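Peer 1: Structure: data.tsv, TSV, C-alpha atoms.
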chain	number	residue	atom	x	y	z
A	1	MET	CA	-4.42	-14.90	0.04
A	2	GLU	CA	-7.69	-13.25	-0.89
A	3	GLN	CA	-8.27	-9.81	-2.37
A	4	SER	CA	-9.55	-8.46	0.96
A	5	GLU	CA	-6.36	-9.60	2.70
A	6	LEU	CA	-4.25	-7.92	0.02
A	7	PHE	CA	-6.09	-4.67	0.68
A	8	VAL	CA	-5.36	-4.87	4.44
A	9	GLU	CA	-1.69	-5.64	3.82
A	10	LEU	CA	-1.27	-2.76	1.37
A	11	LYS	CA	-2.99	-0.38	3.85
A	12	SER	CA	-0.36	-1.36	6.43
A	13	LEU	CA	2.19	0.55	4.31
A	14	GLY	CA	0.66	3.79	5.61
A	15	MET	CA	-0.55	5.38	2.39
A	16	PRO	CA	-4.01	5.67	0.79
A	17	VAL	CA	-5.11	2.44	-0.93
A	18	THR	CA	-8.23	1.65	-2.95
A	19	TYR	CA	-9.56	-0.90	-5.39
A	20	SER	CA	-9.51	0.38	-8.98
A	21	HIS	CA	-9.78	4.14	-8.38
A	22	PHE	CA	-10.57	6.75	-5.78
A	23	THR	CA	-14.06	8.24	-5.96
A	24	VAL	CA	-13.38	11.96	-6.15
A	25	THR	CA	-16.05	14.48	-5.22
A	26	GLU	CA	-16.08	18.07	-4.07
A	27	LYS	CA	-16.18	16.87	-0.45
A	28	ASN	CA	-13.78	13.98	-1.04
A	29	PRO	CA	-10.75	15.13	-3.08
A	30	ALA	CA	-8.18	12.77	-4.54
A	31	PRO	CA	-5.44	11.81	-2.09
A	32	ALA	CA	-2.01	13.35	-2.44
A	33	PRO	CA	0.67	10.97	-3.74
A	34	PRO	CA	2.06	8.56	-2.88
A	35	PHE	CA	-0.97	6.31	-3.08
A	36	ILE	CA	-1.79	2.79	-4.26
A	37	THR	CA	-4.57	1.32	-6.36
A	38	PHE	CA	-5.04	-2.34	-7.15
A	39	GLN	CA	-7.41	-4.35	-9.27
A	40	PHE	CA	-8.08	-7.71	-10.85
A	41	ALA	CA	-6.71	-7.88	-14.39
A	42	TYR	CA	-7.41	-11.41	-15.67
A	43	SER	CA	-7.43	-15.04	-14.61
A	44	SER	CA	-4.91	-17.79	-15.34
A	45	ASP	CA	-6.84	-20.61	-13.71
A	46	MET	CA	-5.43	-24.13	-13.90
A	47	ILE	CA	-7.96	-26.26	-15.72
A	48	ALA	CA	-8.29	-30.04	-15.44
A	49	ASP	CA	-11.09	-32.39	-16.48
A	50	ASN	CA	-12.99	-29.45	-18.01
A	51	GLN	CA	-13.13	-27.61	-14.68
A	52	ASN	CA	-11.34	-24.67	-13.15
A	53	TYR	CA	-9.16	-26.71	-10.83
A	54	VAL	CA	-7.16	-23.89	-9.20
A	55	GLU	CA	-8.23	-20.24	-9.33
A	56	ILE	CA	-5.35	-17.91	-10.16
A	57	GLY	CA	-6.16	-14.22	-10.24
A	58	ASN	CA	-3.73	-11.81	-11.85
A	59	TYR	CA	-3.77	-8.42	-10.15
A	60	GLN	CA	-2.13	-5.08	-10.78
A	61	VAL	CA	-0.86	-3.13	-7.80
A	62	GLU	CA	-0.12	0.44	-8.89
A	63	LEU	CA	2.01	2.88	-6.92
A	64	TYR	CA	1.70	6.56	-7.89
A	65	THR	CA	4.32	9.15	-6.91
A	66	THR	CA	5.17	12.70	-7.97
A	67	LYS	CA	8.88	11.90	-8.30
A	68	LYS	CA	11.00	8.80	-8.65
A	69	ASP	CA	10.77	7.47	-5.09
A	70	LEU	CA	13.01	4.45	-4.56
A	71	ALA	CA	12.30	4.28	-0.82
A	72	THR	CA	8.54	4.01	-1.34
A	73	GLU	CA	9.00	1.48	-4.14
A	74	LYS	CA	11.17	-0.57	-1.79
A	75	LYS	CA	8.43	-0.50	0.88
A	76	VAL	CA	5.92	-1.92	-1.59
A	77	GLN	CA	8.37	-4.50	-2.92
A	78	ASP	CA	9.39	-5.58	0.59
A	79	LYS	CA	5.71	-6.03	1.49
A	80	LEU	CA	5.08	-8.17	-1.60
A	81	LYS	CA	8.15	-10.27	-0.76
A	82	GLU	CA	7.03	-10.59	2.87
A	83	LEU	CA	3.67	-11.90	1.63
A	84	GLY	CA	5.37	-14.39	-0.69
A	85	LEU	CA	3.95	-12.70	-3.79
A	86	PRO	CA	6.42	-12.72	-6.70
A	87	TYR	CA	5.93	-9.71	-8.95
A	88	SER	CA	6.82	-8.23	-12.30
A	89	LYS	CA	7.45	-4.49	-12.31
A	90	LEU	CA	6.75	-1.85	-14.97
A	91	GLU	CA	7.25	1.90	-14.79
A	92	SER	CA	5.57	4.74	-16.69
A	93	TRP	CA	5.52	8.51	-16.54
A	94	LEU	CA	1.94	9.78	-16.88
A	95	ASP	CA	2.46	13.17	-18.46
A	96	ASP	CA	-1.15	14.36	-18.13
A	97	GLU	CA	-1.20	13.61	-14.39
A	98	LYS	CA	2.48	14.46	-13.78
A	99	LEU	CA	2.87	11.20	-11.87
A	100	TYR	CA	5.06	8.14	-11.97
A	101	GLN	CA	3.14	4.88	-12.12
A	102	ILE	CA	4.95	1.82	-10.84
A	103	LEU	CA	2.90	-1.22	-11.74
A	104	TYR	CA	3.43	-4.54	-10.00
A	105	GLU	CA	1.81	-7.60	-11.56
A	106	ILE	CA	1.08	-10.32	-8.99
A	107	GLN	CA	-0.95	-13.52	-8.77
A	108	LEU	CA	-3.31	-14.57	-6.01
A	109	ILE	CA	-3.91	-18.28	-5.94
A	110	GLY	CA	-7.37	-19.23	-4.73
A	111	GLY	CA	-8.32	-15.59	-4.21
Write the structure described by the file as structure tokens, please.

Peer 2:
Amino acid sequence: MEQSELFVELKSLGMPVTYSHFTVTEKNPAPAPPFITFQFAYSSDMIADNQNYVEIGNYQVELYTTKKDLATEKKVQDKLKELGLPYSKLESWLDDEKLYQILYEIQLIGG
């Protein structure tokens, strides 16, 4: 799966999705939660014979909600499972933004 395909699949969940961050302007305000951002974090390529043999991109998919929202978390998790993308999950309360951040770490092989 490639990054562009991940974007399309996350959009199918029916909430705003963007890479890295939403560009907020006077005419384009930030979306109301829940929303998703995702971005490349680092690579874990398999290396053989001094070459990157298999590209493995580690991505962070971040769900933001105003309250603990198990149903929305389940939608994201079910989508990742449907796509065959194992994930690790972390949760934080962002006090300044008054939002929960649910962070899913996934790997895209070849993407």

Peer 1: Using all atoms listed in the file, which residues sit within 6 Å of Phe38 (chain A) once same-chain residues fewer than 2 positions away are excluded, as number ranges by chain?

Peer 2: A: 19-20, 60-62

Peer 1: I'd like the interatomic distance between CA of Gly14 (chain A) and CA of Leu70 (chain A), to a tenth of an Å.

Peer 2: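 Atom-to-atom, CA of Gly14 (chain A) to CA of Leu70 (chain A), that is 16.0 Å.
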
Peer 1: Would you list the contacts of Thr66 (chain A) as a list in words, taking every protein, DNA or RNA residue within 10 Å and counting only C-alpha atoms, but skipping same-chain residues closer than 5 positions in sequence?

Peer 2: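 The residues satisfying every condition are Ala32, Pro33, Pro34, Trp93, Leu94, Glu97, Lys98, Leu99, Tyr100 and Gln101 of chain A.
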
Peer 1: Just want the 12 Å neighbourhood of Ser43 (chain A), counted on all atoms listed in the file, with same-chain residues fewer than 6 positions away dropped. Output as a PyMOL selection string.

Peer 2: chain A and resi 52+54-60+106-111

Peer 1: Excluding Tyr104 (chain A) and any residue of its chain fewer than 6 positions from it, enumerate the residues within 12 Å of it, using only C-alpha atoms, and give them as a PyMOL selection string.

Peer 2: chain A and resi 36-41+58-64+73-74+76-77+79-81+85-92

Peer 1: Quick one: residues within 7 Å of Pro16 (chain A), all atoms listed in the file, excluding same-chain residues fewer than 4 positions away - as an mmCIF file with C-alpha atoms, in the frame of the given file?

Peer 2:
data_model
loop_
_atom_site.group_PDB
_atom_site.id
_atom_site.type_symbol
_atom_site.label_atom_id
_atom_site.label_comp_id
_atom_site.auth_asym_id
_atom_site.auth_seq_id
_atom_site.Cartn_x
_atom_site.Cartn_y
_atom_site.Cartn_z
ATOM 1 C CA LYS A 11 -2.990 -0.380 3.850
ATOM 2 C CA PRO A 31 -5.440 11.810 -2.090
ATOM 3 C CA PHE A 35 -0.970 6.310 -3.080
ATOM 4 C CA ILE A 36 -1.790 2.790 -4.260
#

Peer 1: One decimal, Å: what's the distance from CA of Met1 (chain A) over to CA of Ser44 (chain A), could you say?

Peer 2: 15.7 Å

Peer 1: Measure the distance from CA of Thr18 (chain A) to CA of Thr65 (chain A) in Å and round it to one decimal.

Peer 2: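 Value for the CA of Thr18 (chain A)-CA of Thr65 (chain A) distance: 15.1 Å.
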
Peer 1: Which of these residues is nearest to Lys67 (chain A), using all atoms listed in the file: A:Glu26, A:Ser4, A:Ile102, A:Glu9?

Peer 2: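 When distances to Lys67 (chain A) are compared using all atoms listed in the file, the smallest one comes from A:Ile102.
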
Peer 1: Counting only C-alpha atoms, which of A:Phe7, A:Pro29, A:Met15, A:Tyr42 gets nearest to Glu105 (chain A)?

Peer 2: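 Residue with the minimum atom-to-atom distance to Glu105 (chain A): A:Tyr42.
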